[in-house]
>>> print(open('query26.cif').read())   # mmCIF, C-alpha atoms
data_start
loop_
_atom_site.label_atom_id
_atom_site.label_comp_id
_atom_site.auth_asym_id
_atom_site.auth_seq_id
_atom_site.Cartn_x
_atom_site.Cartn_y
_atom_site.Cartn_z
CA MET A 1 0.00 0.00 0.00
CA ALA A 2 2.97 2.30 -0.40
CA ASP A 3 2.58 5.78 -1.87
CA GLN A 4 4.51 6.63 -4.99
CA ALA A 5 6.11 10.09 -4.85
CA GLY A 6 3.74 10.89 -1.98
CA LYS A 7 0.67 10.91 -4.25
CA ASP A 8 -2.47 8.84 -4.27
CA PRO A 9 -2.99 6.67 -7.35
CA THR A 10 -5.83 7.83 -9.55
CA ASP A 11 -9.17 6.17 -9.20
CA THR A 12 -9.64 3.63 -11.99
CA ILE A 13 -12.30 1.06 -12.77
CA GLY A 14 -11.88 -1.92 -10.46
CA PHE A 15 -9.52 -0.11 -8.08
CA LYS A 16 -10.03 2.11 -5.07
CA PRO A 17 -7.90 5.21 -4.45
CA LEU A 18 -5.28 4.70 -1.78
CA TYR A 19 -6.96 6.91 0.81
CA ALA A 20 -10.13 4.76 0.50
CA GLN A 21 -8.07 1.64 1.16
CA VAL A 22 -6.55 3.34 4.20
CA ARG A 23 -10.02 4.32 5.39
CA GLU A 24 -11.14 0.70 5.18
CA ARG A 25 -8.20 -0.41 7.32
CA LEU A 26 -8.92 2.30 9.88
CA MET A 27 -12.63 1.42 9.86
CA ARG A 28 -11.66 -2.16 10.72
CA ARG A 29 -10.09 -0.85 13.93
CA LEU A 30 -13.46 0.66 14.87
CA VAL A 31 -15.38 -2.48 13.95
CA ASP A 32 -13.00 -4.77 15.87
CA GLY A 33 -13.11 -2.54 18.96
CA GLU A 34 -9.44 -1.63 18.80
CA TRP A 35 -10.52 2.01 18.76
CA LEU A 36 -13.31 2.72 21.24
CA PRO A 37 -15.64 5.76 21.53
CA GLY A 38 -13.82 8.71 23.05
CA MET A 39 -10.34 7.30 22.37
CA LEU A 40 -7.58 9.55 21.12
CA LEU A 41 -6.14 8.28 17.84
CA PRO A 42 -2.42 8.06 17.10
CA SER A 43 -1.01 11.04 15.22
CA GLU A 44 -1.21 11.22 11.44
CA ILE A 45 2.56 10.70 11.29
CA GLU A 46 2.32 7.55 13.42
CA LEU A 47 -0.58 6.15 11.41
CA ALA A 48 1.30 6.86 8.19
CA ARG A 49 4.28 4.94 9.57
CA GLN A 50 2.09 2.00 10.62
CA LEU A 51 0.36 1.79 7.23
CA ASN A 52 3.39 2.67 5.10
CA VAL A 53 1.68 5.55 3.32
CA SER A 54 2.11 9.31 3.25
CA GLN A 55 0.75 11.59 5.94
CA GLY A 56 -1.41 13.27 3.29
CA THR A 57 -3.09 9.96 2.47
CA VAL A 58 -3.83 9.34 6.15
CA ARG A 59 -5.20 12.86 6.53
CA LYS A 60 -7.55 12.36 3.57
CA ALA A 61 -8.84 9.09 5.06
CA LEU A 62 -9.36 10.73 8.46
CA ASP A 63 -11.11 13.70 6.84
CA SER A 64 -13.52 11.29 5.15
CA MET A 65 -14.28 9.55 8.44
CA THR A 66 -14.72 12.90 10.19
CA ALA A 67 -17.19 14.02 7.52
CA ASP A 68 -19.21 10.88 8.29
CA ASN A 69 -19.21 11.78 12.02
CA LEU A 70 -17.17 8.70 12.94
CA LEU A 71 -14.30 10.82 14.24
CA ILE A 72 -14.10 14.20 15.98
CA ARG A 73 -11.21 16.64 15.52
CA ARG A 74 -10.49 18.83 18.55
CA GLN A 75 -8.34 21.86 17.93
CA GLY A 76 -4.92 21.49 19.54
CA ARG A 77 -5.83 18.13 21.09
CA GLY A 78 -6.00 15.65 18.23
CA THR A 79 -8.52 13.31 16.59
CA TYR A 80 -10.89 11.18 18.68
CA VAL A 81 -13.36 8.41 18.01
CA ALA A 82 -16.80 10.04 18.10
CA GLU A 83 -19.03 9.23 21.03
CA PRO A 84 -22.77 8.72 20.45
CA GLU A 85 -23.60 11.50 22.94
CA GLU A 86 -21.71 14.13 20.91
CA SER A 87 -24.32 16.76 20.01
CA ARG A 88 -23.55 16.69 16.30
CA ILE A 89 -23.82 12.88 16.30
CA LEU A 90 -27.19 13.02 18.02
CA PHE A 91 -28.57 15.48 15.51
CA GLN A 92 -27.16 13.50 12.61
CA PHE A 93 -29.93 11.00 13.37
CA PHE A 94 -32.60 13.32 14.77
CA ARG A 95 -33.92 15.77 12.20
CA LEU A 96 -37.01 17.17 13.87
CA THR A 97 -36.63 20.85 14.76
CA PRO A 98 -39.04 23.32 16.41
CA ASP A 99 -40.47 25.96 14.07
CA LYS A 100 -39.31 28.51 16.65
CA GLY A 101 -36.27 28.31 18.90
CA ALA A 102 -33.12 26.21 18.90
CA ALA A 103 -32.99 22.52 18.14
CA SER A 104 -32.91 20.26 21.19
CA PHE A 105 -32.79 16.51 21.81
CA PRO A 106 -36.11 15.10 23.07
CA ASP A 107 -36.77 13.27 26.33
CA SER A 108 -38.17 9.74 26.23
CA GLN A 109 -40.71 7.69 28.16
CA VAL A 110 -40.72 3.94 27.51
CA VAL A 111 -44.24 2.59 27.10
CA SER A 112 -43.56 -1.09 26.47
CA THR A 113 -40.79 -3.60 25.69
CA GLY A 114 -40.68 -7.29 24.83
CA TYR A 115 -39.74 -10.08 22.46
CA ALA A 116 -41.98 -10.87 19.51
CA LYS A 117 -42.22 -12.82 16.30
CA PRO A 118 -41.11 -10.49 13.48
CA THR A 119 -43.39 -9.25 10.76
CA ALA A 120 -42.48 -9.75 7.12
CA ILE A 121 -41.32 -6.11 6.90
CA GLU A 122 -39.11 -6.50 9.99
CA THR A 123 -37.64 -9.73 8.66
CA GLY A 124 -36.77 -8.15 5.33
CA SER A 125 -35.52 -4.83 6.68
CA LEU A 126 -33.27 -6.43 9.31
CA ARG A 127 -32.25 -9.45 7.18
CA LEU A 128 -33.30 -11.80 9.96
CA ALA A 129 -32.45 -15.48 9.98
CA GLY A 130 -35.30 -17.95 10.01
CA GLY A 131 -36.90 -18.27 13.43
CA GLU A 132 -35.05 -15.29 14.92
CA LYS A 133 -37.12 -13.19 17.28
CA VAL A 134 -37.06 -9.42 17.61
CA PHE A 135 -37.10 -7.14 20.62
CA ARG A 136 -39.46 -4.17 20.38
CA ILE A 137 -39.34 -0.92 22.30
CA GLU A 138 -42.18 1.57 22.15
CA ARG A 139 -41.65 5.01 23.63
CA ILE A 140 -43.06 8.53 23.61
CA ARG A 141 -40.65 11.39 22.96
CA SER A 142 -41.25 14.95 24.14
CA LEU A 143 -39.84 18.43 23.69
CA SER A 144 -40.35 20.87 26.58
CA GLY A 145 -42.76 18.39 28.14
CA GLN A 146 -44.96 18.19 25.03
CA PRO A 147 -45.26 14.77 23.33
CA ILE A 148 -44.21 15.10 19.69
CA LEU A 149 -43.78 11.54 18.51
CA ILE A 150 -44.21 7.87 19.25
CA GLU A 151 -41.44 5.44 18.27
CA THR A 152 -41.59 1.71 17.70
CA ILE A 153 -38.04 0.35 17.63
CA THR A 154 -37.32 -3.20 16.46
CA LEU A 155 -34.00 -4.94 17.13
CA PRO A 156 -32.74 -8.40 16.09
CA SER A 157 -32.49 -10.45 19.28
CA GLY A 158 -29.26 -12.12 18.12
CA ARG A 159 -27.36 -8.82 18.03
CA PHE A 160 -28.62 -7.63 21.42
CA PRO A 161 -28.42 -10.58 23.85
CA ASP A 162 -30.00 -10.07 27.29
CA ILE A 163 -31.50 -6.72 26.33
CA ASP A 164 -34.56 -7.76 28.31
CA HIS A 165 -32.39 -7.71 31.45
CA LEU A 166 -32.07 -3.94 31.32
CA THR A 167 -33.85 -2.24 34.21
CA ILE A 168 -33.62 1.17 32.51
CA ILE A 169 -33.61 1.93 28.79
CA PRO A 170 -31.79 5.25 28.35
CA ASN A 171 -32.84 8.11 26.14
CA ASN A 172 -29.75 7.79 23.94
CA LEU A 173 -30.10 4.28 22.50
CA TYR A 174 -27.17 4.58 20.12
CA ARG A 175 -24.83 5.18 23.04
CA LEU A 176 -26.30 2.09 24.72
CA TYR A 177 -25.71 -0.02 21.60
CA SER A 178 -22.09 1.13 21.50
CA GLU A 179 -21.24 0.72 25.17
CA ARG A 180 -23.06 -2.54 25.93
CA TRP A 181 -22.88 -4.47 22.66
CA GLY A 182 -20.06 -2.77 20.75
CA ILE A 183 -22.41 -1.78 17.92
CA THR A 184 -21.72 1.63 16.40
CA ILE A 185 -24.40 3.11 14.16
CA GLY A 186 -22.59 4.36 11.08
CA SER A 187 -25.46 5.22 8.75
CA ALA A 188 -29.22 5.26 8.43
CA GLU A 189 -31.79 5.43 5.66
CA GLU A 190 -35.06 7.24 6.31
CA ARG A 191 -38.33 7.43 4.40
CA LEU A 192 -41.07 9.97 5.10
CA LYS A 193 -44.78 9.62 4.53
CA ALA A 194 -47.96 11.42 5.62
CA ILE A 195 -50.44 9.32 7.60
CA ALA A 196 -53.54 9.86 9.76
CA ALA A 197 -53.35 9.32 13.52
CA GLY A 198 -55.02 6.16 14.73
CA SER A 199 -56.92 6.12 18.02
CA ARG A 200 -54.02 4.57 19.95
CA ASP A 201 -51.41 7.08 18.78
CA ALA A 202 -53.86 9.97 19.09
CA GLY A 203 -54.49 9.14 22.75
CA ARG A 204 -50.79 9.05 23.57
CA LEU A 205 -49.90 12.17 21.60
CA GLY A 206 -52.87 14.18 22.80
CA CYS A 207 -54.13 14.87 19.28
CA GLY A 208 -57.34 14.12 17.46
CA GLU A 209 -57.92 10.81 15.73
CA GLY A 210 -57.30 11.31 12.03
CA GLU A 211 -54.98 14.28 12.57
CA PRO A 212 -52.10 14.32 10.04
CA LEU A 213 -48.87 12.77 11.30
CA LEU A 214 -45.46 12.44 9.72
CA LEU A 215 -44.33 8.82 9.55
CA ILE A 216 -40.54 8.37 9.50
CA SER A 217 -39.28 4.85 8.87
CA ARG A 218 -35.57 4.34 9.51
CA VAL A 219 -33.19 1.44 9.02
CA ALA A 220 -29.97 2.04 10.96
CA ARG A 221 -26.80 0.16 10.01
CA ASP A 222 -23.53 -0.62 11.75
CA LEU A 223 -20.06 0.18 10.44
CA GLU A 224 -20.13 -2.91 8.21
CA ASP A 225 -23.45 -1.80 6.69
CA ASN A 226 -25.48 -4.50 8.43
CA PRO A 227 -29.00 -3.43 9.46
CA VAL A 228 -29.35 -3.45 13.25
CA GLU A 229 -32.43 -1.33 13.96
CA LEU A 230 -35.80 -0.63 12.36
CA ARG A 231 -37.54 2.43 13.75
CA TRP A 232 -41.02 3.78 13.01
CA SER A 233 -41.71 7.31 14.29
CA ARG A 234 -45.16 8.92 14.13
CA CYS A 235 -44.78 12.66 14.62
CA ILE A 236 -47.08 15.63 15.22
CA SER A 237 -45.87 18.38 12.93
CA ARG A 238 -47.95 21.30 14.24
CA GLU A 239 -44.93 23.19 15.59
CA ILE A 240 -41.97 21.16 14.31
CA HIS A 241 -40.50 20.33 10.92
CA TYR A 242 -38.07 17.83 9.43
CA ALA A 243 -34.84 19.64 8.54
CA VAL A 244 -32.03 18.49 6.22
CA ASN A 245 -29.04 20.49 5.06
CA LEU A 246 -28.08 19.72 1.46
CA ARG A 247 -24.45 20.54 0.68
#
>>> encode(input="query26.cif", output="structure tokens")
Amino acid sequence: MADQAGKDPTDTIGFKPLYAQVRERLMRRLVDGEWLPGMLLPSEIELARQLNVSQGTVRKALDSMTADNLLIRRQGRGTYVAEPEESRILFQFFRLTPDKGAASFPDSQVVSTGYAKPTAIETGSLRLAGGEKVFRIERIRSLSGQPILIETITLPSGRFPDIDHLTIIPNNLYRLYSERWGITIGSAEERLKAIAAGSRDAGRLGCGEGEPLLLISRVARDLEDNPVELRWSRCISREIHYAVNLR
């Protein structure tokens, strides 16, 4: 993987540029748990020495991982593995924003938990093996004490052993996945659709039956692109909106 004249090879059909190969090797350190959330990474010079590439190639790989919120650069202190409680990581996966005022992360109240036989959609979305059960969490999320959405979260039981032993399910689930099971959420795909509130959701959200809700379906994936969570969120959009920055 050595650089030639300190330059990356050009990207050609069937080949990855050198920085992308370096990124893959660094990603493996995250996946294998060699680099844990909050850990300070070796310097660019040291990583370049370990991988036998130029410092510029390492910097480009780290920049790519930082852009994906996997790493955090702290001025004068170095590069760290991102922690799921970092504010910018939280808002990477929470896009609902008040129409007025600053964005804030919602509180949560767990309504129910338990194992269940998966539906066909859950089986397909999570790529479940035959006979594998799922663990479902339903919770209400609020901003400033006002319920804004109900979530139904489905997890493959094989990836989250003994999750039913938890006495408390924290607000920040992605931090829980990382700390307890070593699963880091690296990406997510969301789909949005308008629906009408059913009687059950209306009662919990304090809205009228039939009121328009925003349905957000999300499949979250780990660093190896394996689906590990299916989440359905039904949201009141009276005073909030779904915000995305396109750059």
>>> residues_around(input="query26.cif", residues="Glu44 (chain A)", least_positions_apart="5", cutoff="10 Å", atoms="all atoms listed in the file", output="mmCIF file with C-alpha atoms, in the coordinates of the input")
data_model
loop_
_atom_site.group_PDB
_atom_site.id
_atom_site.type_symbol
_atom_site.label_atom_id
_atom_site.label_comp_id
_atom_site.auth_asym_id
_atom_site.auth_seq_id
_atom_site.Cartn_x
_atom_site.Cartn_y
_atom_site.Cartn_z
ATOM 1 C CA ARG A 49 4.280 4.940 9.570
ATOM 2 C CA GLN A 50 2.090 2.000 10.620
ATOM 3 C CA SER A 54 2.110 9.310 3.250
ATOM 4 C CA GLN A 55 0.750 11.590 5.940
ATOM 5 C CA GLY A 56 -1.410 13.270 3.290
ATOM 6 C CA THR A 57 -3.090 9.960 2.470
ATOM 7 C CA VAL A 58 -3.830 9.340 6.150
ATOM 8 C CA ARG A 59 -5.200 12.860 6.530
ATOM 9 C CA LEU A 62 -9.360 10.730 8.460
ATOM 10 C CA GLY A 78 -6.000 15.650 18.230
ATOM 11 C CA THR A 79 -8.520 13.310 16.590
#
>>> residues_around(input="query26.cif", residues="region 215-223 of chain A", least_positions_apart="5", cutoff="7 Å", atoms="all atoms listed in the file", output="list in words")
Val31, Ile183, Thr184, Ile185, Gly186, Ser187, Ala188, Glu189, Glu190, Arg191, Leu192, Lys193, Ala194, Ile195, Val228, Glu229, Leu230, Arg231, Trp232, Ser233, Arg234 and Cys235 of chain A
>>> closest_residue(input="query26.cif", among="A:Phe135, A:Tyr80, A:Tyr115, A:Phe94", to="Tyr174 (chain A)", atoms="only C-alpha atoms")
A:Phe94
>>> resolve_selection(input="query26.cif", expression="the PyMOL selection byres ((chain A and resi 118) around 10)", output="PyMOL selection string")
chain A and resi 115-117+119-124+126+128+131-136+154-156
>>> atom_distance(input="query26.cif", atom1="CA of Arg139 (chain A)", atom2="CA of Val111 (chain A)")
5.0 Å
>>> resolve_selection(input="query26.cif", expression="the PyMOL selection byres ((chain A and resi 242) around 9)", output="list in words")
Phe94, Arg95, Leu96, Thr97, Pro98, Ser237, Ile240, His241, Ala243 and Val244 of chain A
>>> atom_distance(input="query26.cif", atom1="CA of Ile148 (chain A)", atom2="CA of Asn171 (chain A)")
14.8 Å
>>> atom_distance(input="query26.cif", atom1="CA of Arg159 (chain A)", atom2="CA of Pro37 (chain A)")
19.0 Å
>>> resolve_selection(input="query26.cif", expression="the PyMOL selection byres ((chain A and resi 103-109) around 10)", output="VMD selection string")
chain A and resid 87 90 to 91 94 to 102 110 to 112 138 to 151 169 to 172 240
>>> closest_residue(input="query26.cif", among="A:Arg127, A:Arg74, A:Lys16, A:Arg25", to="Asn226 (chain A)", atoms="all atoms listed in the file")
A:Arg127
>>> residues_near_point(input="query26.cif", point="(-12.8, -5.7, 20.3)", cutoff="12 Å", atoms="only C-alpha atoms", output="VMD selection string")
chain A and resid 28 to 37 178 to 179 181 to 183
>>> decode(input="query26.cif", residues="region 59-198 of chain A", atoms="C-alpha atoms", output="PDB file, in the first residue's frame")
ATOM      1  CA  ARG A  59      -5.202  12.861   6.527  1.00  0.00           C
ATOM      2  CA  LYS A  60      -7.547  12.357   3.571  1.00  0.00           C
ATOM      3  CA  ALA A  61      -8.839   9.089   5.059  1.00  0.00           C
ATOM      4  CA  LEU A  62      -9.365  10.725   8.464  1.00  0.00           C
ATOM      5  CA  ASP A  63     -11.113  13.696   6.839  1.00  0.00           C
ATOM      6  CA  SER A  64     -13.519  11.286   5.149  1.00  0.00           C
ATOM      7  CA  MET A  65     -14.284   9.545   8.440  1.00  0.00           C
ATOM      8  CA  THR A  66     -14.717  12.898  10.192  1.00  0.00           C
ATOM      9  CA  ALA A  67     -17.185  14.023   7.521  1.00  0.00           C
ATOM     10  CA  ASP A  68     -19.208  10.879   8.293  1.00  0.00           C
ATOM     11  CA  ASN A  69     -19.209  11.782  12.018  1.00  0.00           C
ATOM     12  CA  LEU A  70     -17.169   8.703  12.937  1.00  0.00           C
ATOM     13  CA  LEU A  71     -14.296  10.823  14.237  1.00  0.00           C
ATOM     14  CA  ILE A  72     -14.101  14.197  15.977  1.00  0.00           C
ATOM     15  CA  ARG A  73     -11.211  16.638  15.521  1.00  0.00           C
ATOM     16  CA  ARG A  74     -10.494  18.827  18.550  1.00  0.00           C
ATOM     17  CA  GLN A  75      -8.338  21.865  17.929  1.00  0.00           C
ATOM     18  CA  GLY A  76      -4.922  21.491  19.535  1.00  0.00           C
ATOM     19  CA  ARG A  77      -5.830  18.132  21.095  1.00  0.00           C
ATOM     20  CA  GLY A  78      -6.003  15.654  18.230  1.00  0.00           C
ATOM     21  CA  THR A  79      -8.523  13.311  16.593  1.00  0.00           C
ATOM     22  CA  TYR A  80     -10.891  11.184  18.682  1.00  0.00           C
ATOM     23  CA  VAL A  81     -13.364   8.414  18.011  1.00  0.00           C
ATOM     24  CA  ALA A  82     -16.796  10.045  18.097  1.00  0.00           C
ATOM     25  CA  GLU A  83     -19.032   9.228  21.035  1.00  0.00           C
ATOM     26  CA  PRO A  84     -22.767   8.721  20.451  1.00  0.00           C
ATOM     27  CA  GLU A  85     -23.596  11.504  22.936  1.00  0.00           C
ATOM     28  CA  GLU A  86     -21.705  14.125  20.911  1.00  0.00           C
ATOM     29  CA  SER A  87     -24.321  16.756  20.009  1.00  0.00           C
ATOM     30  CA  ARG A  88     -23.552  16.688  16.303  1.00  0.00           C
ATOM     31  CA  ILE A  89     -23.816  12.876  16.299  1.00  0.00           C
ATOM     32  CA  LEU A  90     -27.190  13.018  18.018  1.00  0.00           C
ATOM     33  CA  PHE A  91     -28.575  15.481  15.511  1.00  0.00           C
ATOM     34  CA  GLN A  92     -27.156  13.498  12.612  1.00  0.00           C
ATOM     35  CA  PHE A  93     -29.926  10.995  13.373  1.00  0.00           C
ATOM     36  CA  PHE A  94     -32.600  13.323  14.768  1.00  0.00           C
ATOM     37  CA  ARG A  95     -33.917  15.768  12.197  1.00  0.00           C
ATOM     38  CA  LEU A  96     -37.014  17.174  13.873  1.00  0.00           C
ATOM     39  CA  THR A  97     -36.626  20.850  14.758  1.00  0.00           C
ATOM     40  CA  PRO A  98     -39.036  23.323  16.410  1.00  0.00           C
ATOM     41  CA  ASP A  99     -40.467  25.957  14.072  1.00  0.00           C
ATOM     42  CA  LYS A 100     -39.313  28.512  16.649  1.00  0.00           C
ATOM     43  CA  GLY A 101     -36.274  28.312  18.900  1.00  0.00           C
ATOM     44  CA  ALA A 102     -33.124  26.211  18.897  1.00  0.00           C
ATOM     45  CA  ALA A 103     -32.987  22.518  18.138  1.00  0.00           C
ATOM     46  CA  SER A 104     -32.907  20.258  21.188  1.00  0.00           C
ATOM     47  CA  PHE A 105     -32.786  16.513  21.811  1.00  0.00           C
ATOM     48  CA  PRO A 106     -36.107  15.100  23.073  1.00  0.00           C
ATOM     49  CA  ASP A 107     -36.772  13.266  26.334  1.00  0.00           C
ATOM     50  CA  SER A 108     -38.172   9.743  26.232  1.00  0.00           C
ATOM     51  CA  GLN A 109     -40.715   7.689  28.161  1.00  0.00           C
ATOM     52  CA  VAL A 110     -40.722   3.943  27.512  1.00  0.00           C
ATOM     53  CA  VAL A 111     -44.239   2.593  27.101  1.00  0.00           C
ATOM     54  CA  SER A 112     -43.559  -1.094  26.472  1.00  0.00           C
ATOM     55  CA  THR A 113     -40.794  -3.602  25.695  1.00  0.00           C
ATOM     56  CA  GLY A 114     -40.682  -7.287  24.828  1.00  0.00           C
ATOM     57  CA  TYR A 115     -39.739 -10.084  22.461  1.00  0.00           C
ATOM     58  CA  ALA A 116     -41.978 -10.874  19.514  1.00  0.00           C
ATOM     59  CA  LYS A 117     -42.222 -12.820  16.297  1.00  0.00           C
ATOM     60  CA  PRO A 118     -41.108 -10.493  13.481  1.00  0.00           C
ATOM     61  CA  THR A 119     -43.390  -9.253  10.760  1.00  0.00           C
ATOM     62  CA  ALA A 120     -42.477  -9.746   7.115  1.00  0.00           C
ATOM     63  CA  ILE A 121     -41.322  -6.110   6.903  1.00  0.00           C
ATOM     64  CA  GLU A 122     -39.113  -6.495   9.990  1.00  0.00           C
ATOM     65  CA  THR A 123     -37.635  -9.732   8.661  1.00  0.00           C
ATOM     66  CA  GLY A 124     -36.773  -8.153   5.329  1.00  0.00           C
ATOM     67  CA  SER A 125     -35.520  -4.827   6.682  1.00  0.00           C
ATOM     68  CA  LEU A 126     -33.274  -6.432   9.312  1.00  0.00           C
ATOM     69  CA  ARG A 127     -32.251  -9.445   7.185  1.00  0.00           C
ATOM     70  CA  LEU A 128     -33.295 -11.796   9.961  1.00  0.00           C
ATOM     71  CA  ALA A 129     -32.450 -15.477   9.979  1.00  0.00           C
ATOM     72  CA  GLY A 130     -35.304 -17.945  10.008  1.00  0.00           C
ATOM     73  CA  GLY A 131     -36.897 -18.269  13.431  1.00  0.00           C
ATOM     74  CA  GLU A 132     -35.052 -15.287  14.925  1.00  0.00           C
ATOM     75  CA  LYS A 133     -37.116 -13.186  17.282  1.00  0.00           C
ATOM     76  CA  VAL A 134     -37.057  -9.421  17.612  1.00  0.00           C
ATOM     77  CA  PHE A 135     -37.102  -7.144  20.619  1.00  0.00           C
ATOM     78  CA  ARG A 136     -39.457  -4.168  20.377  1.00  0.00           C
ATOM     79  CA  ILE A 137     -39.341  -0.920  22.304  1.00  0.00           C
ATOM     80  CA  GLU A 138     -42.175   1.572  22.153  1.00  0.00           C
ATOM     81  CA  ARG A 139     -41.649   5.014  23.632  1.00  0.00           C
ATOM     82  CA  ILE A 140     -43.062   8.533  23.609  1.00  0.00           C
ATOM     83  CA  ARG A 141     -40.647  11.388  22.959  1.00  0.00           C
ATOM     84  CA  SER A 142     -41.252  14.949  24.136  1.00  0.00           C
ATOM     85  CA  LEU A 143     -39.841  18.431  23.688  1.00  0.00           C
ATOM     86  CA  SER A 144     -40.355  20.871  26.578  1.00  0.00           C
ATOM     87  CA  GLY A 145     -42.764  18.393  28.138  1.00  0.00           C
ATOM     88  CA  GLN A 146     -44.958  18.189  25.027  1.00  0.00           C
ATOM     89  CA  PRO A 147     -45.258  14.775  23.325  1.00  0.00           C
ATOM     90  CA  ILE A 148     -44.210  15.105  19.690  1.00  0.00           C
ATOM     91  CA  LEU A 149     -43.777  11.540  18.510  1.00  0.00           C
ATOM     92  CA  ILE A 150     -44.207   7.868  19.249  1.00  0.00           C
ATOM     93  CA  GLU A 151     -41.436   5.435  18.271  1.00  0.00           C
ATOM     94  CA  THR A 152     -41.591   1.708  17.704  1.00  0.00           C
ATOM     95  CA  ILE A 153     -38.039   0.345  17.631  1.00  0.00           C
ATOM     96  CA  THR A 154     -37.321  -3.197  16.465  1.00  0.00           C
ATOM     97  CA  LEU A 155     -33.998  -4.938  17.133  1.00  0.00           C
ATOM     98  CA  PRO A 156     -32.745  -8.397  16.089  1.00  0.00           C
ATOM     99  CA  SER A 157     -32.486 -10.449  19.283  1.00  0.00           C
ATOM    100  CA  GLY A 158     -29.261 -12.120  18.120  1.00  0.00           C
ATOM    101  CA  ARG A 159     -27.359  -8.816  18.027  1.00  0.00           C
ATOM    102  CA  PHE A 160     -28.624  -7.628  21.421  1.00  0.00           C
ATOM    103  CA  PRO A 161     -28.423 -10.577  23.855  1.00  0.00           C
ATOM    104  CA  ASP A 162     -30.000 -10.067  27.288  1.00  0.00           C
ATOM    105  CA  ILE A 163     -31.497  -6.721  26.334  1.00  0.00           C
ATOM    106  CA  ASP A 164     -34.558  -7.761  28.311  1.00  0.00           C
ATOM    107  CA  HIS A 165     -32.388  -7.714  31.453  1.00  0.00           C
ATOM    108  CA  LEU A 166     -32.066  -3.940  31.325  1.00  0.00           C
ATOM    109  CA  THR A 167     -33.849  -2.241  34.211  1.00  0.00           C
ATOM    110  CA  ILE A 168     -33.620   1.172  32.512  1.00  0.00           C
ATOM    111  CA  ILE A 169     -33.615   1.928  28.788  1.00  0.00           C
ATOM    112  CA  PRO A 170     -31.795   5.246  28.355  1.00  0.00           C
ATOM    113  CA  ASN A 171     -32.840   8.109  26.143  1.00  0.00           C
ATOM    114  CA  ASN A 172     -29.750   7.795  23.945  1.00  0.00           C
ATOM    115  CA  LEU A 173     -30.101   4.284  22.497  1.00  0.00           C
ATOM    116  CA  TYR A 174     -27.165   4.581  20.120  1.00  0.00           C
ATOM    117  CA  ARG A 175     -24.829   5.182  23.036  1.00  0.00           C
ATOM    118  CA  LEU A 176     -26.304   2.089  24.717  1.00  0.00           C
ATOM    119  CA  TYR A 177     -25.710  -0.019  21.604  1.00  0.00           C
ATOM    120  CA  SER A 178     -22.093   1.127  21.499  1.00  0.00           C
ATOM    121  CA  GLU A 179     -21.236   0.725  25.169  1.00  0.00           C
ATOM    122  CA  ARG A 180     -23.059  -2.538  25.932  1.00  0.00           C
ATOM    123  CA  TRP A 181     -22.882  -4.470  22.661  1.00  0.00           C
ATOM    124  CA  GLY A 182     -20.062  -2.768  20.751  1.00  0.00           C
ATOM    125  CA  ILE A 183     -22.410  -1.783  17.917  1.00  0.00           C
ATOM    126  CA  THR A 184     -21.717   1.626  16.403  1.00  0.00           C
ATOM    127  CA  ILE A 185     -24.399   3.106  14.164  1.00  0.00           C
ATOM    128  CA  GLY A 186     -22.592   4.365  11.085  1.00  0.00           C
ATOM    129  CA  SER A 187     -25.462   5.223   8.751  1.00  0.00           C
ATOM    130  CA  ALA A 188     -29.224   5.264   8.433  1.00  0.00           C
ATOM    131  CA  GLU A 189     -31.793   5.429   5.659  1.00  0.00           C
ATOM    132  CA  GLU A 190     -35.063   7.235   6.311  1.00  0.00           C
ATOM    133  CA  ARG A 191     -38.330   7.429   4.399  1.00  0.00           C
ATOM    134  CA  LEU A 192     -41.066   9.973   5.100  1.00  0.00           C
ATOM    135  CA  LYS A 193     -44.783   9.618   4.529  1.00  0.00           C
ATOM    136  CA  ALA A 194     -47.961  11.423   5.618  1.00  0.00           C
ATOM    137  CA  ILE A 195     -50.443   9.323   7.600  1.00  0.00           C
ATOM    138  CA  ALA A 196     -53.543   9.863   9.758  1.00  0.00           C
ATOM    139  CA  ALA A 197     -53.349   9.319  13.519  1.00  0.00           C
ATOM    140  CA  GLY A 198     -55.015   6.156  14.731  1.00  0.00           C
TER     141      GLY A 198
END
